[in-house]
Amino acid sequence: MNIKSLILGSAAALVAVSGARAADAVIMAEPEPVEYVRVCDAYGAGFFYIPGTETCLQISGYVWYQIGFNGYEAVPTAVPGDANGDGVIGAGETIIVDTSNDTPGYIGGRVGDGWLKTTRARINFDARSDTEWGTLRAYARIQASWGTPVDGPASFDQAYIQLGGLMLGYSESFFVDSKNGGPSNYGSHSWGGMYYGYQQRHLIGYRFGGSQGFFGAIALEDDTLAGEGYMPDIVGKIGVAQAWGAAWLVVGYDESRNALGDDGFAVQAGAHINAGPPGSSLRLIGYYNDSDNAYGPSSALGVDPEWSVLASYQYAFSPTLAVSVGGQYFSDLYFAGTDISTGLDAWGAELSVVWTPVTNFEVRTELHYDEVDDLDGTFSGYLRFTRYF
């Protein structure tokens, strides 16, 4: 082999090696597949699959701006006392103490005459997936309001877990909303709802049935260590919902309604009857309370009556315009935290108009009047603009 052959052979070997390396350099990994967001239609509109999971998520909420007016004034507070001077505090005896406590006003429990502006933002997160035990759900609600006695910041207003009929977390008391039973929840047709005992509680509850047929619910609700610290308050509900409407009965047991550890209970019986054009209905709800306790409907004075009747009718003029009127009577208001009567009665009335000119944009106005025996009547209302999403 001469020098020329050696050089040519070495050059050929170098070219082969270089070609192999060049070929290696252009080999590229396959791109990872992109998983686009998929619509989940198993739980209604607005749900989508969280990428990489079989969990469906819905993000919703609203923003509102409200202009309210208020005529609520500081009122005297009624306390039990020996009004007739016989040395015994008897039923119906009332001593009026002149204080500056706020009236539980219709738009925020605030006292004064004038305009009240409120802006609120709310975001709801609703995650659901199917399991062999039923739907597994986690719900969280964040909101903040400005123009109220406490402005912002944003905070979790509700959060709870559901698995089939089981529910655990912080939300409305089952006396107010058991999350089943069709139209059997809340008070009148208006956003304010008149007086129906709205409150939120830590609770462990179980529900059966839905928006059609027989339904029921029971809940053990936290009373923040009142009375026997290990004994919860208890709410039970039963009813039926059909195409014509719904009828229901709810009982709430307050294990400790005052600092003395006295107990009490409240009963609610109601009916919702579809009557008139689609979207029109009549609601009738009666309340009985053995005392001023956690589950009564309350009143303009912030205490429960022995009994109360609420009636409300909504008429839908069109799919975008509805008007409702309502009234509520309170008989024999109790002294706060007691089963002693003040001898005072009260009543309230409301008017609500809801207009939805375009999808997800609502214009609502509500007017409300309250009057308690021996006290001046109070009047309030608002105009609200809400964009839902």
# chains A, B, ... in the order shown; residues from 1 in each chain; ligands from 1

call {"tool": "closest_atom_pairs", "arguments": {"of": "range 207-296 of chain A", "to": "range 330-350 of chain A", "cutoff": "6 Å", "atoms": "only C-alpha atoms", "output": "CSV"}}
result
residue,atom,partner,partner_atom,distance
A:Arg257,CA,A:Gly337,CA,5.9
A:Asn258,CA,A:Gly337,CA,5.2
A:Ser291,CA,A:Asp339,CA,4.1
A:Asp292,CA,A:Gly337,CA,5.0

call {"tool": "residues_around", "arguments": {"residues": "Ile59 in chain A", "least_positions_apart": "2", "cutoff": "7 Å", "atoms": "only C-alpha atoms", "output": "PyMOL selection string"}}
result
chain A and resi 57+124-126

call {"tool": "write_last_selection", "arguments": {"atoms": "N, CA, C and O atoms", "output": "PDB file, in the first residue's frame"}}
result
ATOM      1  N   LEU A  57     -64.806  20.906  35.367  1.00  0.00           N
ATOM      2  CA  LEU A  57     -64.730  22.159  36.123  1.00  0.00           C
ATOM      3  C   LEU A  57     -65.576  23.229  35.455  1.00  0.00           C
ATOM      4  O   LEU A  57     -65.563  23.380  34.229  1.00  0.00           O
ATOM      5  N   ASN A 124     -67.260  31.529  41.310  1.00  0.00           N
ATOM      6  CA  ASN A 124     -67.581  30.182  41.779  1.00  0.00           C
ATOM      7  C   ASN A 124     -66.720  29.155  41.046  1.00  0.00           C
ATOM      8  O   ASN A 124     -66.570  29.229  39.818  1.00  0.00           O
ATOM      9  N   PHE A 125     -66.163  28.209  41.794  1.00  0.00           N
ATOM     10  CA  PHE A 125     -65.441  27.084  41.225  1.00  0.00           C
ATOM     11  C   PHE A 125     -66.200  25.809  41.589  1.00  0.00           C
ATOM     12  O   PHE A 125     -66.433  25.531  42.768  1.00  0.00           O
ATOM     13  N   ASP A 126     -66.553  25.038  40.571  1.00  0.00           N
ATOM     14  CA  ASP A 126     -67.372  23.840  40.774  1.00  0.00           C
ATOM     15  C   ASP A 126     -66.712  22.675  40.038  1.00  0.00           C
ATOM     16  O   ASP A 126     -66.712  22.631  38.803  1.00  0.00           O
TER      17      ASP A 126
END

call {"tool": "residues_around", "arguments": {"residues": "Tyr382 in chain A", "least_positions_apart": "5", "cutoff": "8 Å", "atoms": "only C-alpha atoms", "output": "VMD selection string"}}
result
chain A and resid 66 to 69 365 to 367

call {"tool": "write_last_selection", "arguments": {"atoms": "N, CA, C and O atoms", "output": "mmCIF file, in the first residue's frame"}}
result
data_model
loop_
_atom_site.group_PDB
_atom_site.id
_atom_site.type_symbol
_atom_site.label_atom_id
_atom_site.label_comp_id
_atom_site.auth_asym_id
_atom_site.auth_seq_id
_atom_site.Cartn_x
_atom_site.Cartn_y
_atom_site.Cartn_z
ATOM 1 N N GLN A 66 -74.802 48.451 42.464
ATOM 2 C CA GLN A 66 -76.117 48.689 43.055
ATOM 3 C C GLN A 66 -76.188 50.084 43.652
ATOM 4 O O GLN A 66 -75.272 50.527 44.352
ATOM 5 N N ILE A 67 -77.300 50.755 43.386
ATOM 6 C CA ILE A 67 -77.601 52.049 43.998
ATOM 7 C C ILE A 67 -78.814 51.847 44.894
ATOM 8 O O ILE A 67 -79.907 51.553 44.411
ATOM 9 N N GLY A 68 -78.630 51.973 46.186
ATOM 10 C CA GLY A 68 -79.714 51.762 47.128
ATOM 11 C C GLY A 68 -80.064 53.033 47.871
ATOM 12 O O GLY A 68 -79.255 53.969 47.958
ATOM 13 N N PHE A 69 -81.264 53.071 48.398
ATOM 14 C CA PHE A 69 -81.654 54.166 49.285
ATOM 15 C C PHE A 69 -82.231 53.565 50.549
ATOM 16 O O PHE A 69 -82.786 52.468 50.542
ATOM 17 N N THR A 365 -84.755 45.872 40.287
ATOM 18 C CA THR A 365 -85.073 46.862 41.312
ATOM 19 C C THR A 365 -86.016 46.240 42.323
ATOM 20 O O THR A 365 -86.912 45.458 41.956
ATOM 21 N N GLU A 366 -85.799 46.541 43.613
ATOM 22 C CA GLU A 366 -86.641 46.023 44.680
ATOM 23 C C GLU A 366 -86.941 47.133 45.675
ATOM 24 O O GLU A 366 -86.059 47.923 46.014
ATOM 25 N N LEU A 367 -88.201 47.160 46.118
ATOM 26 C CA LEU A 367 -88.660 48.120 47.119
ATOM 27 C C LEU A 367 -89.203 47.341 48.303
ATOM 28 O O LEU A 367 -89.899 46.329 48.126
#

call {"tool": "residues_around", "arguments": {"residues": "range 174-181 of chain A", "least_positions_apart": "3", "cutoff": "10 Å", "atoms": "only C-alpha atoms", "output": "ChimeraX atom specification"}}
result
/A:165,167,171,184-187,196-201,203-221,234-242,246-253,266-268,295-297

call {"tool": "residues_around", "arguments": {"residues": "His368 in chain A", "least_positions_apart": "5", "cutoff": "9 Å", "atoms": "only C-alpha atoms", "output": "list in words"}}
result
Tyr106, Met194, Gly348, Ala349, Glu350, Leu351, Ser352, Thr378, Phe379, Ser380 and Gly381 of chain A

call {"tool": "write_last_selection", "arguments": {"atoms": "C-alpha atoms", "output": "mmCIF file, in the first residue's frame"}}
result
data_model
loop_
_atom_site.group_PDB
_atom_site.id
_atom_site.type_symbol
_atom_site.label_atom_id
_atom_site.label_comp_id
_atom_site.auth_asym_id
_atom_site.auth_seq_id
_atom_site.Cartn_x
_atom_site.Cartn_y
_atom_site.Cartn_z
ATOM 1 C CA TYR A 106 -83.284 45.454 54.229
ATOM 2 C CA MET A 194 -88.363 38.839 52.769
ATOM 3 C CA GLY A 348 -93.581 43.828 55.688
ATOM 4 C CA ALA A 349 -94.217 44.188 51.954
ATOM 5 C CA GLU A 350 -92.072 44.173 48.824
ATOM 6 C CA LEU A 351 -92.087 44.792 45.070
ATOM 7 C CA SER A 352 -89.482 43.318 42.714
ATOM 8 C CA THR A 378 -89.235 52.022 57.365
ATOM 9 C CA PHE A 379 -88.722 52.051 53.607
ATOM 10 C CA SER A 380 -85.751 51.004 51.466
ATOM 11 C CA GLY A 381 -84.876 49.759 47.990
#

call {"tool": "residues_around", "arguments": {"residues": "range 311-322 of chain A", "least_positions_apart": "2", "cutoff": "10 Å", "atoms": "only C-alpha atoms", "output": "PyMOL selection string"}}
result
chain A and resi 187-190+193-194+270-286+309+324-329+349-359+362-364

call {"tool": "atom_distance", "arguments": {"atom1": "CA of Glu228 in chain A", "atom2": "CA of Gly264 in chain A"}}
result
13.9 Å

call {"tool": "atom_distance", "arguments": {"atom1": "CA of Ala121 in chain A", "atom2": "CA of Leu136 in chain A"}}
result
26.9 Å
